[in-house]
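model-v4.csv (CSV, C-alpha atoms and all ligand atoms) appears below.
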```csv
chain,number,residue,atom,x,y,z
A,1,MET,CA,-15.9,12.2,-9.2
A,2,TYR,CA,-17.5,15.5,-10.3
A,3,ASP,CA,-20.8,16.9,-9.4
A,4,ILE,CA,-21.4,18.1,-13.0
A,5,ALA,CA,-19.8,17.2,-16.3
A,6,ILE,CA,-20.6,19.5,-19.2
A,7,VAL,CA,-19.8,18.1,-22.7
A,8,GLY,CA,-19.3,21.0,-25.1
A,9,LEU,CA,-17.9,24.5,-24.7
A,10,GLY,CA,-19.9,26.5,-27.2
A,11,PRO,CA,-22.1,29.4,-26.1
A,12,ALA,CA,-24.3,27.0,-24.1
A,13,GLY,CA,-21.6,25.1,-22.2
A,14,ALA,CA,-19.5,28.1,-21.5
A,15,THR,CA,-22.5,30.1,-20.2
A,16,LEU,CA,-23.5,27.2,-17.9
A,17,ALA,CA,-19.9,26.7,-16.6
A,18,ARG,CA,-19.7,30.4,-15.8
A,19,LEU,CA,-23.0,30.6,-13.9
A,20,LEU,CA,-22.9,27.4,-11.8
A,21,ASN,CA,-22.5,27.8,-8.0
A,22,ARG,CA,-18.8,27.6,-7.2
A,23,ASN,CA,-19.5,25.0,-4.5
A,24,PHE,CA,-20.1,22.5,-7.3
A,25,HIS,CA,-17.1,20.5,-8.6
A,26,VAL,CA,-17.5,21.0,-12.4
A,27,VAL,CA,-15.7,19.7,-15.4
A,28,VAL,CA,-16.1,20.8,-19.0
A,29,ILE,CA,-14.9,18.8,-22.0
A,30,ASP,CA,-14.5,20.2,-25.5
A,31,LYS,CA,-13.0,19.1,-28.8
A,32,LYS,CA,-11.8,22.7,-29.6
A,33,ARG,CA,-8.3,24.0,-28.8
A,34,SER,CA,-7.5,27.6,-27.7
A,35,ASP,CA,-4.4,27.8,-30.0
A,36,GLY,CA,-6.5,28.1,-33.2
A,37,LYS,CA,-5.6,24.6,-34.4
A,38,GLY,CA,-8.1,21.8,-34.8
A,39,PHE,CA,-11.8,22.0,-34.8
A,40,HIS,CA,-13.6,25.3,-35.5
A,41,LYS,CA,-17.4,25.4,-35.3
A,42,PRO,CA,-18.7,26.4,-38.8
A,43,CYS,CA,-21.0,29.4,-38.2
A,44,GLY,CA,-22.2,32.6,-39.9
A,45,GLY,CA,-21.0,34.4,-36.8
A,46,LEU,CA,-23.9,36.8,-36.7
A,47,LEU,CA,-25.1,37.9,-33.2
A,48,ALA,CA,-28.8,38.5,-33.6
A,49,LEU,CA,-30.8,40.9,-31.4
A,50,ASP,CA,-32.1,38.0,-29.3
A,51,ALA,CA,-28.5,36.9,-28.6
A,52,GLN,CA,-27.5,40.5,-27.8
A,53,LYS,CA,-30.4,40.6,-25.3
A,54,ALA,CA,-29.3,37.3,-23.8
A,55,ILE,CA,-25.8,38.7,-23.3
A,56,SER,CA,-27.0,42.0,-22.0
A,57,GLN,CA,-29.0,40.4,-19.2
A,58,PHE,CA,-25.6,39.5,-17.6
A,59,ASP,CA,-24.4,43.1,-18.0
A,60,LEU,CA,-21.5,41.7,-20.1
A,61,THR,CA,-19.7,43.8,-22.8
A,62,LEU,CA,-18.3,42.4,-25.9
A,63,PRO,CA,-14.5,43.0,-26.5
A,64,LYS,CA,-13.8,44.6,-29.8
A,65,ASP,CA,-11.3,42.0,-31.0
A,66,VAL,CA,-14.3,39.6,-31.3
A,67,LEU,CA,-15.8,41.9,-33.9
A,68,VAL,CA,-15.0,41.7,-37.6
A,69,ASP,CA,-15.2,44.1,-40.5
A,70,PRO,CA,-17.7,45.2,-41.8
A,71,GLN,CA,-20.8,45.7,-39.7
A,72,ILE,CA,-23.8,45.3,-42.0
A,73,PHE,CA,-27.3,46.7,-41.5
A,74,ALA,CA,-29.3,45.2,-44.3
A,75,VAL,CA,-29.8,41.7,-45.6
A,76,ARG,CA,-30.3,41.2,-49.4
A,77,SER,CA,-32.8,38.4,-49.8
A,78,ILE,CA,-32.8,36.6,-53.1
A,79,ASP,CA,-35.4,34.2,-54.3
A,80,LEU,CA,-33.6,32.3,-57.1
A,81,LYS,CA,-36.9,30.8,-58.4
A,82,THR,CA,-38.7,34.1,-59.0
A,83,GLY,CA,-35.7,36.4,-59.3
A,84,ILE,CA,-37.2,38.7,-56.7
A,85,ILE,CA,-34.7,40.6,-54.5
A,86,ARG,CA,-35.6,42.5,-51.3
A,87,HIS,CA,-33.6,44.2,-48.7
A,88,TYR,CA,-34.5,44.0,-45.0
A,89,GLN,CA,-33.0,45.9,-42.1
A,90,ARG,CA,-31.2,43.7,-39.6
A,91,PHE,CA,-29.4,44.5,-36.4
A,92,TYR,CA,-26.8,41.8,-36.4
A,93,ILE,CA,-23.3,42.1,-35.0
A,94,ASN,CA,-20.8,40.5,-37.4
A,95,LEU,CA,-18.2,38.6,-35.3
A,96,ASP,CA,-15.5,36.0,-35.4
A,97,ARG,CA,-17.3,33.0,-34.0
A,98,TYR,CA,-14.1,31.2,-32.9
A,99,LYS,CA,-13.0,34.3,-30.9
A,100,PHE,CA,-16.5,34.7,-29.5
A,101,ASP,CA,-16.4,31.2,-28.1
A,102,LEU,CA,-12.9,31.8,-26.6
A,103,TRP,CA,-14.2,35.0,-25.0
A,104,LEU,CA,-17.1,33.1,-23.4
A,105,LYS,CA,-14.6,30.5,-22.2
A,106,SER,CA,-12.4,33.2,-20.7
A,107,LEU,CA,-15.3,34.1,-18.3
A,108,ILE,CA,-15.4,30.7,-16.7
A,109,PRO,CA,-14.1,30.8,-13.1
A,110,ASP,CA,-10.9,29.0,-12.2
A,111,ASN,CA,-12.6,26.3,-10.0
A,112,VAL,CA,-14.0,24.7,-13.2
A,113,ASP,CA,-11.8,22.0,-14.7
A,114,ILE,CA,-11.5,22.4,-18.5
A,115,PHE,CA,-10.4,19.6,-20.8
A,116,GLU,CA,-9.9,21.1,-24.2
A,117,ASP,CA,-8.8,19.1,-27.3
A,118,SER,CA,-10.8,16.3,-25.7
A,119,GLU,CA,-13.7,14.3,-27.1
A,120,CYS,CA,-16.3,12.5,-25.2
A,121,THR,CA,-16.5,9.1,-26.9
A,122,ARG,CA,-18.7,7.0,-24.6
A,123,ILE,CA,-21.2,7.5,-21.9
A,124,GLU,CA,-22.5,4.9,-19.4
A,125,TYR,CA,-24.9,5.2,-16.5
A,126,TYR,CA,-23.9,3.1,-13.6
A,127,ASN,CA,-25.0,3.0,-9.9
A,128,GLY,CA,-26.6,6.5,-10.0
A,129,SER,CA,-23.8,8.3,-11.7
A,130,TYR,CA,-22.4,8.8,-15.2
A,131,ASN,CA,-19.1,7.5,-16.5
A,132,LEU,CA,-17.6,9.4,-19.5
A,133,GLN,CA,-14.8,8.1,-21.6
A,134,LEU,CA,-12.7,10.9,-23.1
A,135,VAL,CA,-9.9,11.0,-25.6
A,136,CYS,CA,-7.7,14.0,-24.4
A,137,SER,CA,-5.0,14.9,-26.8
A,138,GLY,CA,-4.8,11.3,-27.9
A,139,GLU,CA,-4.9,9.8,-24.4
A,140,THR,CA,-8.0,7.9,-23.0
A,141,LYS,CA,-9.4,9.1,-19.6
A,142,ASP,CA,-12.5,8.2,-17.6
A,143,ILE,CA,-14.4,10.6,-15.5
A,144,THR,CA,-17.5,10.1,-13.3
A,145,ALA,CA,-20.2,12.7,-12.5
A,146,LYS,CA,-23.5,12.8,-10.7
A,147,TYR,CA,-25.0,15.1,-13.4
A,148,ILE,CA,-24.1,15.3,-17.1
A,149,VAL,CA,-25.0,18.2,-19.4
A,150,GLY,CA,-25.0,17.8,-23.2
A,151,ALA,CA,-24.0,21.2,-24.6
A,152,ASP,CA,-22.4,19.5,-27.5
A,153,GLY,CA,-24.4,20.9,-30.3
A,154,ALA,CA,-26.2,19.3,-33.3
A,155,ASN,CA,-24.5,16.0,-33.3
A,156,SER,CA,-24.7,15.6,-29.5
A,157,ILE,CA,-23.4,12.3,-28.1
A,158,VAL,CA,-25.4,13.0,-24.9
A,159,ARG,CA,-28.6,13.4,-26.9
A,160,ARG,CA,-28.0,10.2,-28.8
A,161,PHE,CA,-27.2,8.4,-25.5
A,162,LEU,CA,-30.4,9.7,-23.8
A,163,TYR,CA,-32.8,9.4,-26.8
A,164,PRO,CA,-31.3,6.7,-29.1
A,165,HIS,CA,-34.4,6.3,-31.1
A,166,LYS,CA,-35.5,9.9,-31.5
A,167,LYS,CA,-35.0,11.6,-34.8
A,168,ILE,CA,-35.0,15.3,-35.5
A,169,ARG,CA,-34.9,17.0,-38.9
A,170,SER,CA,-31.3,17.9,-39.7
A,171,TYR,CA,-29.3,19.2,-42.6
A,172,ILE,CA,-25.7,19.4,-43.6
A,173,ALA,CA,-24.4,22.9,-43.4
A,174,ILE,CA,-21.6,23.5,-45.9
A,175,GLN,CA,-19.7,26.8,-46.2
A,176,GLN,CA,-16.7,28.0,-48.1
A,177,TRP,CA,-14.4,31.0,-47.6
A,178,PHE,CA,-13.2,33.0,-50.6
A,179,PRO,CA,-11.1,36.1,-50.8
A,180,GLU,CA,-13.4,39.2,-50.7
A,181,LYS,CA,-13.6,40.6,-54.2
A,182,ASN,CA,-17.0,42.3,-54.0
A,183,LEU,CA,-16.7,46.1,-54.4
A,184,ASN,CA,-19.4,46.6,-51.8
A,185,PRO,CA,-19.3,43.9,-49.0
A,186,PHE,CA,-22.8,42.5,-48.2
A,187,TYR,CA,-24.9,40.0,-46.4
A,188,SER,CA,-27.3,38.0,-48.4
A,189,CYS,CA,-29.8,35.3,-47.8
A,190,VAL,CA,-30.7,33.0,-50.7
A,191,PHE,CA,-33.8,30.9,-51.3
A,192,ASP,CA,-33.4,28.2,-53.9
A,193,PRO,CA,-36.0,25.5,-53.7
A,194,GLU,CA,-34.3,23.5,-56.4
A,195,ASN,CA,-31.4,22.7,-54.2
A,196,THR,CA,-32.7,23.1,-50.6
A,197,ASP,CA,-35.9,23.6,-48.7
A,198,CYS,CA,-33.8,25.5,-46.1
A,199,TYR,CA,-31.7,28.5,-47.0
A,200,SER,CA,-28.2,29.7,-47.9
A,201,TRP,CA,-26.3,32.7,-46.8
A,202,ALA,CA,-23.3,34.8,-48.0
A,203,ILE,CA,-21.5,37.3,-45.8
A,204,SER,CA,-18.4,39.4,-46.0
A,205,LYS,CA,-16.0,39.0,-43.0
A,206,ASP,CA,-12.6,40.5,-42.5
A,207,GLY,CA,-11.4,40.3,-46.1
A,208,TYR,CA,-13.2,37.0,-46.8
A,209,PHE,CA,-16.5,36.3,-48.5
A,210,ILE,CA,-18.2,33.3,-46.9
A,211,PHE,CA,-20.9,31.4,-48.8
A,212,GLY,CA,-22.8,28.6,-47.2
A,213,GLY,CA,-26.1,26.8,-46.9
A,214,ALA,CA,-28.0,24.1,-45.2
A,215,TYR,CA,-28.8,21.2,-47.5
A,216,PRO,CA,-30.8,17.9,-47.2
A,217,LYS,CA,-28.3,15.1,-46.6
A,218,ASN,CA,-28.6,13.3,-50.0
A,219,ASN,CA,-26.3,14.9,-52.6
A,220,CYS,CA,-25.6,17.8,-50.3
A,221,HIS,CA,-22.2,18.6,-52.0
A,222,MET,CA,-23.8,18.5,-55.4
A,223,ARG,CA,-26.5,20.8,-54.3
A,224,PHE,CA,-23.9,23.2,-52.8
A,225,GLU,CA,-22.0,23.2,-56.1
A,226,ASN,CA,-25.1,23.7,-58.2
A,227,GLN,CA,-26.0,26.7,-56.1
A,228,LYS,CA,-22.6,28.2,-56.4
A,229,LYS,CA,-22.9,27.9,-60.2
A,230,ARG,CA,-26.2,29.7,-60.1
A,231,LEU,CA,-25.0,32.4,-57.8
A,232,LYS,CA,-21.9,33.1,-59.9
A,233,GLU,CA,-24.5,34.2,-62.6
A,234,TRP,CA,-25.9,36.6,-60.0
A,235,GLY,CA,-22.5,38.2,-59.6
A,236,PHE,CA,-21.3,36.4,-56.5
A,237,CYS,CA,-17.4,36.1,-56.5
A,238,LEU,CA,-17.0,32.5,-55.5
A,239,GLU,CA,-13.4,31.7,-56.9
A,240,GLU,CA,-10.2,30.5,-55.1
A,241,VAL,CA,-11.7,28.6,-52.2
A,242,GLN,CA,-9.6,29.2,-49.0
A,243,LYS,CA,-11.3,26.7,-46.8
A,244,THR,CA,-14.4,24.5,-46.7
A,245,GLU,CA,-16.4,23.7,-43.5
A,246,CYS,CA,-19.1,21.3,-43.0
A,247,CYS,CA,-21.3,20.2,-40.0
A,248,LEU,CA,-24.7,19.0,-39.0
A,249,VAL,CA,-27.4,21.6,-38.2
A,250,LEU,CA,-30.7,20.8,-36.6
A,251,ARG,CA,-34.0,22.3,-37.7
A,252,PRO,CA,-36.8,21.4,-35.4
A,253,SER,CA,-40.2,20.8,-37.0
A,254,MET,CA,-42.4,20.0,-34.1
A,255,LEU,CA,-42.7,20.7,-30.4
A,256,ASN,CA,-41.7,17.2,-29.6
A,257,ASP,CA,-38.3,17.7,-31.2
A,258,PHE,CA,-37.1,19.8,-28.2
A,259,CYS,CA,-35.6,17.4,-25.6
A,260,THR,CA,-34.4,18.7,-22.2
A,261,GLY,CA,-33.1,15.5,-20.7
A,262,LYS,CA,-33.9,12.9,-18.1
A,263,ASP,CA,-32.3,10.9,-15.2
A,264,ASN,CA,-30.0,13.7,-14.0
A,265,ALA,CA,-28.8,14.3,-17.6
A,266,PHE,CA,-29.7,17.6,-19.3
A,267,LEU,CA,-29.5,19.0,-22.8
A,268,ILE,CA,-28.9,22.7,-23.4
A,269,GLY,CA,-28.4,24.7,-26.6
A,270,GLU,CA,-28.6,23.1,-30.0
A,271,ALA,CA,-28.2,19.6,-28.4
A,272,ALA,CA,-31.7,20.1,-27.0
A,273,GLY,CA,-33.0,21.2,-30.4
A,274,PHE,CA,-33.0,24.9,-29.3
A,275,ILE,CA,-32.3,26.6,-32.7
A,276,SER,CA,-34.6,28.7,-34.8
A,277,PRO,CA,-36.0,26.6,-37.7
A,278,SER,CA,-36.6,29.8,-39.7
A,279,SER,CA,-33.2,31.5,-39.5
A,280,LEU,CA,-31.0,28.8,-37.9
A,281,GLU,CA,-30.1,31.4,-35.2
A,282,GLY,CA,-29.0,29.4,-32.2
A,283,ILE,CA,-26.7,31.5,-30.0
A,284,SER,CA,-29.5,33.2,-28.1
A,285,SER,CA,-31.2,29.9,-27.2
A,286,ALA,CA,-27.9,28.3,-26.2
A,287,ILE,CA,-27.2,31.1,-23.7
A,288,ASN,CA,-30.8,31.3,-22.4
A,289,SER,CA,-31.2,27.5,-21.9
A,290,ALA,CA,-27.8,27.4,-20.1
A,291,TYR,CA,-29.0,30.2,-17.8
A,292,TYR,CA,-32.2,28.3,-17.0
A,293,LEU,CA,-30.3,25.1,-16.2
A,294,SER,CA,-27.9,27.0,-14.0
A,295,GLU,CA,-30.8,28.4,-12.0
A,296,VAL,CA,-32.3,24.9,-11.5
A,297,LEU,CA,-29.0,23.3,-10.5
A,298,ASN,CA,-27.9,26.2,-8.2
A,299,ALA,CA,-31.3,25.9,-6.4
A,300,ASN,CA,-30.7,22.2,-5.7
A,301,GLU,CA,-34.2,21.4,-7.0
A,302,VAL,CA,-35.5,18.0,-5.9
A,303,ASN,CA,-36.5,17.0,-9.4
A,304,PRO,CA,-34.0,19.1,-11.5
A,305,CYS,CA,-35.0,17.5,-14.9
A,306,PHE,CA,-38.6,18.4,-14.4
A,307,ALA,CA,-37.8,21.9,-13.1
A,308,TYR,CA,-35.5,22.5,-16.1
A,309,HIS,CA,-38.1,21.3,-18.5
A,310,LYS,CA,-40.7,23.6,-17.0
A,311,LYS,CA,-38.2,26.6,-17.1
A,312,THR,CA,-37.7,26.1,-20.8
A,313,PHE,CA,-41.4,26.3,-21.6
A,314,LYS,CA,-41.3,29.8,-22.9
A,315,LEU,CA,-38.2,29.1,-25.0
A,316,ARG,CA,-39.8,26.0,-26.5
A,317,LEU,CA,-43.0,28.0,-27.2
A,318,LYS,CA,-41.0,30.8,-28.9
A,319,LEU,CA,-39.2,28.3,-31.1
A,320,TYR,CA,-42.5,26.6,-31.9
A,321,PHE,CA,-43.9,29.9,-33.1
A,322,LYS,CA,-40.9,30.1,-35.4
A,323,ILE,CA,-41.9,26.7,-36.8
A,324,LEU,CA,-45.3,28.2,-37.6
A,325,LYS,CA,-43.6,31.2,-39.3
A,326,CYS,CA,-41.6,28.9,-41.6
A,327,PRO,CA,-44.2,28.6,-44.4
A,328,PHE,CA,-44.1,32.4,-45.0
A,329,MET,CA,-40.4,32.1,-45.7
A,330,TYR,CA,-40.0,28.6,-47.2
A,331,PHE,CA,-43.3,27.8,-49.0
A,332,PRO,CA,-42.6,29.2,-52.4
A,333,PRO,CA,-46.1,30.8,-53.2
A,334,LEU,CA,-46.3,32.4,-49.7
A,335,ARG,CA,-42.7,33.6,-50.0
A,336,ARG,CA,-43.4,35.1,-53.4
A,337,PHE,CA,-46.4,36.9,-52.0
A,338,VAL,CA,-44.4,38.3,-49.0
A,339,MET,CA,-41.5,39.4,-51.2
A,340,THR,CA,-43.7,40.8,-53.9
A,341,THR,CA,-45.7,42.9,-51.5
A,342,GLY,CA,-42.4,44.1,-49.9
A,343,ILE,CA,-43.8,43.8,-46.3
A,344,ASN,CA,-41.2,45.0,-43.9
A,345,SER,CA,-38.6,45.6,-46.6
A,346,ILE,CA,-36.5,48.7,-47.1
A,347,ASN,CA,-35.7,50.6,-50.3
A,348,ILE,CA,-32.1,50.9,-51.3
A,349,ILE,CA,-31.3,54.3,-52.5
A,350,LYS,CA,-28.7,54.4,-55.3
A,351,ASN,CA,-26.2,57.2,-55.2
A,352,ILE,CA,-26.5,58.9,-58.6
A,353,ASN,CA,-22.8,59.8,-58.5
A,354,GLU,CA,-21.7,56.2,-58.5
B,1,LIG,C1,-23.1,26.9,-40.8
B,1,LIG,C2,-23.9,27.5,-39.6
B,1,LIG,C3,-24.0,28.8,-39.5
B,1,LIG,C4,-24.7,29.3,-38.3
B,1,LIG,N1,-24.8,30.7,-38.2
B,1,LIG,C5,-25.3,31.2,-37.0
B,1,LIG,C6,-25.3,32.6,-36.8
B,1,LIG,O1,-24.8,33.4,-37.6
B,1,LIG,N2,-25.9,33.1,-35.7
B,1,LIG,C7,-26.4,32.2,-34.7
B,1,LIG,O2,-26.9,32.7,-33.7
B,1,LIG,N3,-26.4,30.9,-34.9
B,1,LIG,C8,-25.9,30.4,-36.0
B,1,LIG,N4,-25.8,29.0,-36.2
B,1,LIG,C9,-26.4,28.1,-35.2
B,1,LIG,C10,-25.4,28.2,-34.0
B,1,LIG,O3,-24.1,28.0,-34.5
B,1,LIG,C11,-25.7,27.1,-33.0
B,1,LIG,O4,-27.0,27.0,-32.8
B,1,LIG,C12,-25.0,27.4,-31.7
B,1,LIG,O5,-23.6,27.4,-31.8
B,1,LIG,C13,-25.4,26.4,-30.6
B,1,LIG,O6,-24.5,26.6,-29.5
B,1,LIG,P1,-24.2,25.3,-28.5
B,1,LIG,O7,-23.4,25.9,-27.5
B,1,LIG,O8,-25.5,24.7,-28.2
B,1,LIG,O9,-23.4,24.3,-29.5
B,1,LIG,P2,-22.1,24.5,-30.3
B,1,LIG,O10,-21.8,25.9,-30.6
B,1,LIG,O11,-22.3,23.6,-31.5
B,1,LIG,O12,-21.0,23.9,-29.4
B,1,LIG,C14,-20.9,22.6,-29.2
B,1,LIG,C15,-19.5,22.3,-28.7
B,1,LIG,O13,-19.4,21.0,-28.3
B,1,LIG,C16,-18.2,20.4,-28.7
B,1,LIG,N5,-18.4,19.0,-28.9
B,1,LIG,C17,-19.3,18.4,-29.7
B,1,LIG,N6,-19.2,17.1,-29.6
B,1,LIG,C18,-18.3,16.8,-28.6
B,1,LIG,C19,-17.8,15.6,-28.0
B,1,LIG,N7,-18.3,14.4,-28.3
B,1,LIG,N8,-16.8,15.8,-27.0
B,1,LIG,C20,-16.4,17.0,-26.7
B,1,LIG,N9,-16.8,18.2,-27.2
B,1,LIG,C21,-17.8,18.1,-28.2
B,1,LIG,C22,-17.8,21.2,-30.0
B,1,LIG,O14,-16.4,21.3,-30.0
B,1,LIG,C23,-18.4,22.5,-29.8
B,1,LIG,O15,-17.5,23.5,-29.3
B,1,LIG,C24,-25.2,28.5,-37.3
B,1,LIG,C25,-25.1,27.1,-37.5
B,1,LIG,C26,-24.4,26.6,-38.6
B,1,LIG,C27,-24.2,25.1,-38.7
```
Is it possible to give me this structure as structure tokens?
Ligand SMILES: Cc1cc2nc3c(=O)[nH]c(=O)nc-3n(C[C@H](O)[C@H](O)[C@H](O)COP(=O)(O)OP(=O)(O)OC[C@H]3O[C@@H](n4cnc5c(N)ncnc54)[C@H](O)[C@@H]3O)c2cc1C
Amino acid sequence: MYDIAIVGLGPAGATLARLLNRNFHVVVIDKKRSDGKGFHKPCGGLLALDAQKAISQFDLTLPKDVLVDPQIFAVRSIDLKTGIIRHYQRFYINLDRYKFDLWLKSLIPDNVDIFEDSECTRIEYYNGSYNLQLVCSGETKDITAKYIVGADGANSIVRRFLYPHKKIRSYIAIQQWFPEKNLNPFYSCVFDPENTDCYSWAISKDGYFIFGGAYPKNNCHMRFENQKKRLKEWGFCLEEVQKTECCLVLRPSMLNDFCTGKDNAFLIGEAAGFISPSSLEGISSAINSAYYLSEVLNANEVNPCFAYHKKTFKLRLKLYFKILKCPFMYFPPLRRFVMTTGINSINIIKNINE
């Protein structure tokens, strides 16, 4: 019998497990393995300013083996419909997402029980506590906990258990890795309304060039392939696929999409819908929401679900403002206006010797 069971060991689950009071008997369950085999979370692996700020508040420093080559300071935005290209300054840290997750996991204190290579397959609420069924390295196990926390990302089993009828806008994210053949590695952001009303990205990472995008579910693979064809015409080197990754990604479209939990069960990170609908940046919200929940649980609040919901007010408001910002990026006439005027863009100076 645990006090708290956390499902998911991404940035949200690992942060919560690190910050909980050591008097709690805590268990964390995650599908991933530490030996590099099995499930890897598909991700652009860009640590945005908000995520850097979230980490800095704990006075943590990032080990250099988490970083990848190169570090990029500008994003090349391409609107395939109008052919407009603009560059914008960005302050991302380019990192290896799998190693980043392992680093966050390494900070969890020893008193926390960690089940890796374990999938939570069923949840039941019985007599005031939660019963979780796990499949751990092929074996079935049951654990019981007073509180459960869904830190299990976009396809959260905890969210589906708590809110079986609630729908949230979601896309299929597909990305492929290619050998890096670009003379000048770059980061690019692609808008292509013919194939997706969300966006696509391309980034150079440690000798690879990753191209991916978030697509509506119907014909997502065809949309991805269509886009690859178009981008090859734009000079993208998308030959010799090394690996293909695919997962669900949430894109909240209204305030009501954010769900923080009920009945001693909580949602943090993307499971709660905490991800930017404009950029799909989600690491900062994962870390911040985990911190808010740790404060509530450590304070032994009488009504922890209400207290956590209240604590996340500013975060929900911030993400809601990003929903309002979306038309300027995704409504083609407005995007064309923003890109044509060049607001906030930078000029790229060509070296005459090259
Ligand atoms: C393709 C793509 C690119 C992205 N790029 C970026 C980016 O560059 N920068 C950024 O900030 N954000 C990015 N995001 C968003 C970001 O990845 C997520 O918002 C963030 O990882 C959410 O963190 P989390 O801890 O809530 O969930 P996750 O990181 O998704 O972690 C959930 C964990 O739960 C585990 N899990 C899931 N189900 C179960 C289960 N049933 N049993 C046991 N374990 C389970 C998984 O193994 C996983 O480790 C991207 C998303 C996608 C899809």
- Item | Protein and nucleic residues near ligand LIG 1 (chain B), 7 Å, all atoms listed in the file, as a ChimeraX atom specification | /A:7-13,29-32,39,41-48,51,118-121,151-157,173-175,212-213,247-249,268-271,275,280-284,286
- Which of these residues is nearest to Ile287 (chain A), using only C-alpha atoms: A:Phe274, A:Tyr147, A:Phe24, A:Phe186? A:Phe274
- Message: So that I can see what lies close to Arg251 (chain A), please list as number ranges by chain the residues with an atom at most 10 Å from it, counting all atoms listed in the file and leaving out residues fewer than 6 positions away in the same chain.
- Response: A: 154, 168-171, 198, 214, 257, 270, 273-280, 323
- Query: Restricting the calculation to only C-alpha atoms, which member of A:Leu62, A:Asp263, A:Asn219, A:Ile93 is positioned closest to Tyr126 (chain A)?
  - Reply: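 The shortest atom-to-atom distance to Tyr126 (chain A) comes from A:Asp263.
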- Could you tell me which of A:Gln227, A:Asn94, A:Ser204, A:Asn347 comes closest to Leu183 (chain A) if we count only C-alpha atoms?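 Among the listed residues, the smallest separation from Leu183 (chain A) belongs to A:Ser204.
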- Query: Between A:Ile143, A:Leu67, A:Leu255, A:Leu238, which is the closest to Asp206 (chain A) once you count only C-alpha atoms?
  - Reply: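 Going through A:Ile143, A:Leu67, A:Leu255, A:Leu238 one by one, the smallest distance to Asp206 (chain A) is for A:Leu67.
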- Message: If we draw a sphere of 10 Å around (-31.7, 48.1, -47.5), which residues have at least one atom in it when counting all atoms listed in the file? Please report them as a list in words.
- Response: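 Here the neighbourhood of the point contains Phe73, Ala74, Val75, Arg76, Arg86, His87, Tyr88, Gln89, Arg90, Ser345, Ile346, Asn347, Ile348 and Ile349 of chain A.
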Next, the residues of the selection above should be written as a tab-separated table (two decimals), in the coordinates of the input with C-alpha atoms.
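What landed in part-v6.tsv:
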```tsv
chain	number	residue	atom	x	y	z
A	73	PHE	CA	-27.30	46.70	-41.50
A	74	ALA	CA	-29.30	45.20	-44.30
A	75	VAL	CA	-29.80	41.70	-45.60
A	76	ARG	CA	-30.30	41.20	-49.40
A	86	ARG	CA	-35.60	42.50	-51.30
A	87	HIS	CA	-33.60	44.20	-48.70
A	88	TYR	CA	-34.50	44.00	-45.00
A	89	GLN	CA	-33.00	45.90	-42.10
A	90	ARG	CA	-31.20	43.70	-39.60
A	345	SER	CA	-38.60	45.60	-46.60
A	346	ILE	CA	-36.50	48.70	-47.10
A	347	ASN	CA	-35.70	50.60	-50.30
A	348	ILE	CA	-32.10	50.90	-51.30
A	349	ILE	CA	-31.30	54.30	-52.50
```
- Query: So, counting only C-alpha atoms, which residue among A:Gly342, A:Arg122, A:Thr15, A:Glu233 is closest to Thr140 (chain A)?
  - Reply: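 Answer, going by the shortest atom-to-atom distance: A:Arg122.
The closest residue to Val68 (chain A), picked from A:Phe313, A:Phe91, A:Trp177, A:Tyr98 and counting only C-alpha atoms, is A:Tyr98.
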- Hey, what's within 8 Å of region 160-164 of chain A if we count all atoms listed in the file and toss same-chain stuff fewer than 4 positions away? As a PyMOL selection string, please? chain A and resi 123+156+261-262+265
- Message: Rounded to one decimal, what separation in Å do you get between CA of Phe100 (chain A) and CA of Ala14 (chain A)?
- Response: 10.8 Å
- In the coordinates of the file, take the point (-19.6, 30.9, -16.5) and a cut-off of 8 Å; then, counting only C-alpha atoms, name each qualifying protein, DNA or RNA residue as an MDAnalysis selection string. chainID A and resid 14:20 104:105 107:109
- So how many Å separate CA of Gln176 (chain A) and CA of Glu245 (chain A), to one decimal?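 Separating CA of Gln176 (chain A) from CA of Glu245 (chain A) is a distance of 6.3 Å.
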